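**Student:** Structure provided below as structure tokens; questions to follow.
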Amino acid sequence: MQHRIVVLGAGYTGATAAGRLARRLHREDVSITLVNPEPDFVERVRLHQLAAGQELRPRPFGEMFAGTGVRLRLARTTAVDVDARTVTLTGADGAEEELAYDTLVYALGSGWNDGGVPGAAEHTHEVSSRPGALRLRERLAALGAGRPVVVVGGGLTGLEAATEIAEARPDLDVAVAARGALGDWLSPKGRAHLRKVVAGLGITVHEHTAVTGVDGSGVTTDDARTIASDVTVWTAGFAVHPIARATALEVTDRGQIVVDGTMRSVSHPDVYAVGDAAMAVGPEGKPLRMSCASGVPMAWQAADAIAARLAGTKVPHVPIRYFQQCVSLGRREGLIQFVTADDRAVDRALTGRTAALYKELICKGAAWGVANPTVGMPARRRRVVRREAAAGAGAAGAAV
């Protein structure tokens, strides 16, 4: 009987985990099902480009996983029962299906979070999903010259969205509302370059500004100001998918699944969580931040741990660390901020056109790596030998 592995979510982390498992384990011994509502891989790190009017290359999962044995199930995950080891799926036609698993990889990720700000849910756009980016694209295309656009949030997503929109539509009046100082986490060189690019694109920056309300004509701030806006883009926070919180899994206050160093749930050893859905600890005991830079190594770690446990071999553990933060500032400018292992900025930063090309290579490499998760590494498929332990029935298996 095949060991049933179900992977929920086909973003960077889920798709990477599924592909890596397929290349680590013998096809006769396992079935790998990847559940996702869309048939194409979505490059989330490029959605600000899509919103600004650019076309993204289609990446159908059927082509990416051809010949690997990974089975794609097009459906939404609507429930998970970790005690019965089943997931409930809802297809495009509304029909429900129950899918059983022996090992679950939970990679449902995160979406935008309005933070409970009045009017944000009704009057803002988000760029954390393809449908959201397409809605924003349509709205921006309908704006006439000189109309105001406000991006709420001065983090990486907000900066990339604001600069992309301002570069693509120099006729618009683009502004950013940031809670702190612009780029306050960057090195002095990084901050100086960011300010230079933002000024050159004509973006107005409202620093130390918290948005407390949104309506159809603009945003209000904590100091009682009103900033006019025909289109408001919300990038001020992300929230994990809510399903995990509704299960018996141990989760944090934010709803992230608590995992050990191999991305295995600390409460349910037949469940692994990767990417934004998981609360994993990195260097210096700090939680890994929600990002592709964290998620992909988490997916590698989970896939290799699952394969090792099923094959009865030593479980590898490679500590996850950071090297850089890559920021696109439109198509012609970029910023590569080098960081310590625990993600603190150092003095070195790469800027300008070279940084833009560097970021482009990182984005292309991330998408390419989803379809080629073991290139340059041994890909010998192992036989499953520890069926009982892998299924969670043996105490020894749970302790490995």
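Each chain in the structure tokens gets a letter, A, B and so on, in the order shown; residues start at 1 in every chain, and ligands are counted from 1 in the order they appear.
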Excluding A:Thr252 and any residue of its chain fewer than 4 positions from it, enumerate the residues within 12 Å of it, using only C-alpha atoms, and give them as a list in words.

**Tutor:** Val240, Pro242, Ala244, Arg245, Gln256, Ile257, Val258, Val259, Ser265, Val266, Ala277, Ala278, Met279, Ala280 and Pro287 of chain A

**Student:** Using DSSP assignments from the backbone, pull out every residue in stretch 130-376 of chain A that falls under alpha helix (DSSP H) and give it to me as a ChimeraX atom specification.

**Tutor:** /A:130-141,156-168,188-200,292-311,352-371

**Student:** Any idea what's packed within 7 Å of stretch 200-216 of chain A, counting only C-alpha atoms, ignoring anything in its chain fewer than 2 positions away? Could you give it as a PDB file with N, CA and C atoms, in the first residue's frame?

**Tutor:**
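Result written to selection_39.pdb:
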ATOM      1  N   VAL A 117      -8.858  47.948  10.427  1.00  0.00           N
ATOM      2  CA  VAL A 117      -9.013  49.384  10.174  1.00  0.00           C
ATOM      3  C   VAL A 117     -10.344  49.638   9.468  1.00  0.00           C
ATOM      4  N   PRO A 118     -11.182  50.507   9.997  1.00  0.00           N
ATOM      5  CA  PRO A 118     -12.480  50.784   9.389  1.00  0.00           C
ATOM      6  C   PRO A 118     -12.363  51.185   7.918  1.00  0.00           C
ATOM      7  N   GLY A 119     -13.129  50.504   7.077  1.00  0.00           N
ATOM      8  CA  GLY A 119     -13.171  50.831   5.658  1.00  0.00           C
ATOM      9  C   GLY A 119     -12.115  50.151   4.823  1.00  0.00           C
ATOM     10  N   ALA A 120     -11.100  49.557   5.445  1.00  0.00           N
ATOM     11  CA  ALA A 120     -10.016  48.960   4.663  1.00  0.00           C
ATOM     12  C   ALA A 120     -10.502  47.790   3.819  1.00  0.00           C
ATOM     13  N   HIS A 123     -12.662  49.334   0.857  1.00  0.00           N
ATOM     14  CA  HIS A 123     -12.183  50.400  -0.030  1.00  0.00           C
ATOM     15  C   HIS A 123     -10.712  50.295  -0.436  1.00  0.00           C
ATOM     16  N   ALA A 166       4.379  53.841  -9.829  1.00  0.00           N
ATOM     17  CA  ALA A 166       4.866  55.174 -10.194  1.00  0.00           C
ATOM     18  C   ALA A 166       5.691  55.141 -11.472  1.00  0.00           C
ATOM     19  N   GLU A 167       6.475  54.090 -11.655  1.00  0.00           N
ATOM     20  CA  GLU A 167       7.276  53.988 -12.879  1.00  0.00           C
ATOM     21  C   GLU A 167       6.398  53.714 -14.086  1.00  0.00           C
ATOM     22  N   VAL A 174       1.337  59.340  -6.867  1.00  0.00           N
ATOM     23  CA  VAL A 174       1.494  58.181  -5.992  1.00  0.00           C
ATOM     24  C   VAL A 174       2.103  58.609  -4.658  1.00  0.00           C
ATOM     25  N   ALA A 175       1.541  58.085  -3.582  1.00  0.00           N
ATOM     26  CA  ALA A 175       2.048  58.379  -2.240  1.00  0.00           C
ATOM     27  C   ALA A 175       2.153  57.087  -1.436  1.00  0.00           C
ATOM     28  N   VAL A 176       3.028  57.115  -0.421  1.00  0.00           N
ATOM     29  CA  VAL A 176       3.191  55.996   0.504  1.00  0.00           C
ATOM     30  C   VAL A 176       2.946  56.501   1.915  1.00  0.00           C
ATOM     31  N   ALA A 177       2.149  55.760   2.690  1.00  0.00           N
ATOM     32  CA  ALA A 177       1.943  56.059   4.100  1.00  0.00           C
ATOM     33  C   ALA A 177       2.649  54.983   4.911  1.00  0.00           C
ATOM     34  N   ALA A 178       3.717  55.348   5.625  1.00  0.00           N
ATOM     35  CA  ALA A 178       4.528  54.394   6.380  1.00  0.00           C
ATOM     36  C   ALA A 178       4.458  54.694   7.873  1.00  0.00           C
ATOM     37  N   ARG A 179       4.326  53.659   8.694  1.00  0.00           N
ATOM     38  CA  ARG A 179       4.245  53.857  10.140  1.00  0.00           C
ATOM     39  C   ARG A 179       5.534  54.448  10.719  1.00  0.00           C
ATOM     40  N   GLY A 180       6.674  54.033  10.182  1.00  0.00           N
ATOM     41  CA  GLY A 180       7.945  54.525  10.673  1.00  0.00           C
ATOM     42  C   GLY A 180       8.615  55.413   9.657  1.00  0.00           C
ATOM     43  N   ALA A 181       9.941  55.536   9.777  1.00  0.00           N
ATOM     44  CA  ALA A 181      10.713  56.283   8.782  1.00  0.00           C
ATOM     45  C   ALA A 181      10.900  55.401   7.544  1.00  0.00           C
ATOM     46  N   LEU A 182      10.982  55.998   6.392  1.00  0.00           N
ATOM     47  CA  LEU A 182      11.121  55.244   5.151  1.00  0.00           C
ATOM     48  C   LEU A 182      12.396  54.404   5.179  1.00  0.00           C
ATOM     49  N   LYS A 196      16.458  58.285  -2.766  1.00  0.00           N
ATOM     50  CA  LYS A 196      16.792  58.858  -4.065  1.00  0.00           C
ATOM     51  C   LYS A 196      15.839  58.354  -5.147  1.00  0.00           C
ATOM     52  N   VAL A 197      15.588  57.046  -5.165  1.00  0.00           N
ATOM     53  CA  VAL A 197      14.711  56.467  -6.188  1.00  0.00           C
ATOM     54  C   VAL A 197      13.279  56.951  -6.004  1.00  0.00           C
ATOM     55  N   VAL A 198      12.806  56.942  -4.768  1.00  0.00           N
ATOM     56  CA  VAL A 198      11.437  57.361  -4.490  1.00  0.00           C
ATOM     57  C   VAL A 198      11.224  58.827  -4.907  1.00  0.00           C
ATOM     58  N   GLY A 218     -10.308  58.567   0.172  1.00  0.00           N
ATOM     59  CA  GLY A 218      -8.961  58.643   0.708  1.00  0.00           C
ATOM     60  C   GLY A 218      -8.814  57.945   2.038  1.00  0.00           C
ATOM     61  N   VAL A 219      -7.733  58.290   2.753  1.00  0.00           N
ATOM     62  CA  VAL A 219      -7.455  57.669   4.048  1.00  0.00           C
ATOM     63  C   VAL A 219      -7.339  58.755   5.103  1.00  0.00           C
ATOM     64  N   THR A 220      -7.685  58.392   6.339  1.00  0.00           N
ATOM     65  CA  THR A 220      -7.470  59.280   7.468  1.00  0.00           C
ATOM     66  C   THR A 220      -6.341  58.723   8.310  1.00  0.00           C
ATOM     67  N   THR A 221      -5.632  59.600   9.003  1.00  0.00           N
ATOM     68  CA  THR A 221      -4.451  59.184   9.748  1.00  0.00           C
ATOM     69  C   THR A 221      -4.629  59.433  11.244  1.00  0.00           C
ATOM     70  N   ASP A 222      -3.664  58.917  12.013  1.00  0.00           N
ATOM     71  CA  ASP A 222      -3.751  59.044  13.467  1.00  0.00           C
ATOM     72  C   ASP A 222      -3.573  60.475  13.962  1.00  0.00           C
ATOM     73  N   ASP A 230      -7.839  58.050  -4.903  1.00  0.00           N
ATOM     74  CA  ASP A 230      -8.844  57.373  -5.731  1.00  0.00           C
ATOM     75  C   ASP A 230      -8.683  55.863  -5.627  1.00  0.00           C
TER      76      ASP A 230
END

**Student:** Taking into account only C-alpha atoms, which residue in the set A:Met290, A:Met263, A:Asn113, A:Gly146 is nearest to A:Val318?

**Tutor:** A:Met263

**Student:** Write out as a VMD selection string which residues come within 10 Å of A:His193 when counting only C-alpha atoms, dropping same-chain ones fewer than 4 positions away.

**Tutor:** chain A and resid 183 187 to 189 197 to 199 333 to 335 349 to 352

**Student:** Would you save the residues of that selection, restricted to N, CA and C atoms, as a tab-separated table (two decimals), in the first residue's frame?

**Tutor:**
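Just written: again26.tsv:
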chain	number	residue	atom	x	y	z
A	183	GLY	N	12.24	53.10	5.04
A	183	GLY	CA	13.39	52.21	5.00
A	183	GLY	C	14.20	52.18	6.28
A	187	SER	N	20.40	49.71	5.89
A	187	SER	CA	21.67	50.37	6.20
A	187	SER	C	21.61	51.81	5.71
A	188	PRO	N	22.52	52.68	6.16
A	188	PRO	CA	22.53	54.07	5.65
A	188	PRO	C	22.60	54.15	4.13
A	189	LYS	N	23.42	53.30	3.51
A	189	LYS	CA	23.51	53.31	2.05
A	189	LYS	C	22.19	52.89	1.44
A	197	VAL	N	15.59	57.05	-5.17
A	197	VAL	CA	14.71	56.47	-6.19
A	197	VAL	C	13.28	56.95	-6.00
A	198	VAL	N	12.81	56.94	-4.77
A	198	VAL	CA	11.44	57.36	-4.49
A	198	VAL	C	11.22	58.83	-4.91
A	199	ALA	N	12.20	59.67	-4.60
A	199	ALA	CA	12.09	61.08	-5.00
A	199	ALA	C	12.11	61.22	-6.51
A	333	GLU	N	15.49	50.02	-11.35
A	333	GLU	CA	16.23	50.24	-10.11
A	333	GLU	C	15.95	49.11	-9.13
A	334	GLY	N	16.91	48.86	-8.26
A	334	GLY	CA	16.72	47.84	-7.24
A	334	GLY	C	17.60	48.13	-6.04
A	335	LEU	N	17.40	47.32	-5.01
A	335	LEU	CA	18.20	47.43	-3.79
A	335	LEU	C	18.39	46.04	-3.21
A	349	ALA	N	25.46	47.10	0.70
A	349	ALA	CA	24.22	47.09	-0.08
A	349	ALA	C	24.57	47.29	-1.55
A	350	LEU	N	23.82	46.62	-2.41
A	350	LEU	CA	23.97	46.75	-3.85
A	350	LEU	C	22.81	47.59	-4.35
A	351	THR	N	23.08	48.55	-5.23
A	351	THR	CA	22.03	49.46	-5.66
A	351	THR	C	22.01	49.63	-7.18
A	352	GLY	N	20.98	50.34	-7.66
A	352	GLY	CA	20.93	50.73	-9.06
A	352	GLY	C	20.52	49.62	-10.00

**Student:** To test your reading of the structure, identify every residue in stretch 61-250 of chain A that backbone DSSP assigns to strand (DSSP E or B), and report it as an MDAnalysis selection string.

**Tutor:** chainID A and resid 70:74 76:81 86:90 96:100 103:106 110:112 124:125 148:152 173:177 204:206 211:215 218:221 226:228 231:234 238:240

**Student:** Determine, counting only C-alpha atoms, which protein, DNA and RNA residues have an atom within 9 Å of an atom of stretch 39-43 of chain A; residues of the same chain fewer than 3 positions away are not included. Present the result as a short mmCIF file (atom, residue, chain, number, x, y, z; two decimals) with C-alpha atoms, in the first residue's frame.

**Tutor:**
data_model
loop_
_atom_site.label_atom_id
_atom_site.label_comp_id
_atom_site.auth_asym_id
_atom_site.auth_seq_id
_atom_site.Cartn_x
_atom_site.Cartn_y
_atom_site.Cartn_z
CA ALA A 10 1.04 25.23 -4.36
CA GLY A 11 2.87 28.48 -3.76
CA TYR A 12 6.64 28.58 -3.59
CA ALA A 15 5.10 23.27 -4.87
CA ASN A 36 -4.43 24.03 -5.22
CA ARG A 46 5.92 39.54 -9.03
CA LEU A 47 2.29 40.41 -8.36
CA LEU A 56 3.69 37.41 -16.39
CA PRO A 58 2.30 31.36 -17.58
CA ARG A 59 3.68 28.43 -15.57
CA PRO A 60 1.18 25.54 -15.74
CA PHE A 61 1.63 22.89 -13.06
CA GLY A 62 0.89 20.24 -15.68
CA MET A 64 6.15 21.80 -14.24
CA LEU A 72 -2.54 17.97 -9.01
CA ARG A 73 -5.99 18.25 -7.46
CA LEU A 74 -7.71 21.50 -8.40
CA SER A 129 -3.08 37.22 -4.61
CA ARG A 130 -3.44 37.01 -8.37
CA CYS A 363 12.92 35.91 -9.02
CA ALA A 366 12.93 31.01 -7.38
CA ALA A 367 10.37 30.03 -10.04
#

**Student:** Which residue gives the smallest distance to A:Gly69 among A:Val30, A:Ala51, A:Val127, A:Ile165, with only C-alpha atoms counted?

**Tutor:**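 Looking at the shortest contact to A:Gly69, the residue is A:Val30.
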
**Student:** Have a look at A:Leu310, A:Cys292, A:Ala239, A:Ala303 and name the one nearest to A:Gln324; count only C-alpha atoms.

**Tutor:** A:Cys292

**Student:** Would you tabulate, counting only C-alpha atoms, all residues of stretch 74-180 of chain A that have an atom at most 7 Å from an atom of stretch 233-236 of chain A, showing the closest pair of atoms and their distance in Å to one decimal, sorted by chain then ascending number, as a Markdown table?

**Tutor:**
| residue | atom | partner | partner_atom | distance |
| --- | --- | --- | --- | --- |
| A:Thr124 | CA | A:Val233 | CA | 5.5 |
| A:His125 | CA | A:Val233 | CA | 4.7 |
| A:Glu126 | CA | A:Trp234 | CA | 5.4 |
| A:Val150 | CA | A:Val233 | CA | 6.2 |
| A:Val151 | CA | A:Val233 | CA | 4.6 |
| A:Val152 | CA | A:Trp234 | CA | 5.0 |
| A:Gly153 | CA | A:Ala236 | CA | 4.3 |
| A:Thr157 | CA | A:Thr235 | CA | 6.2 |
| A:Gly158 | CA | A:Thr235 | CA | 5.4 |
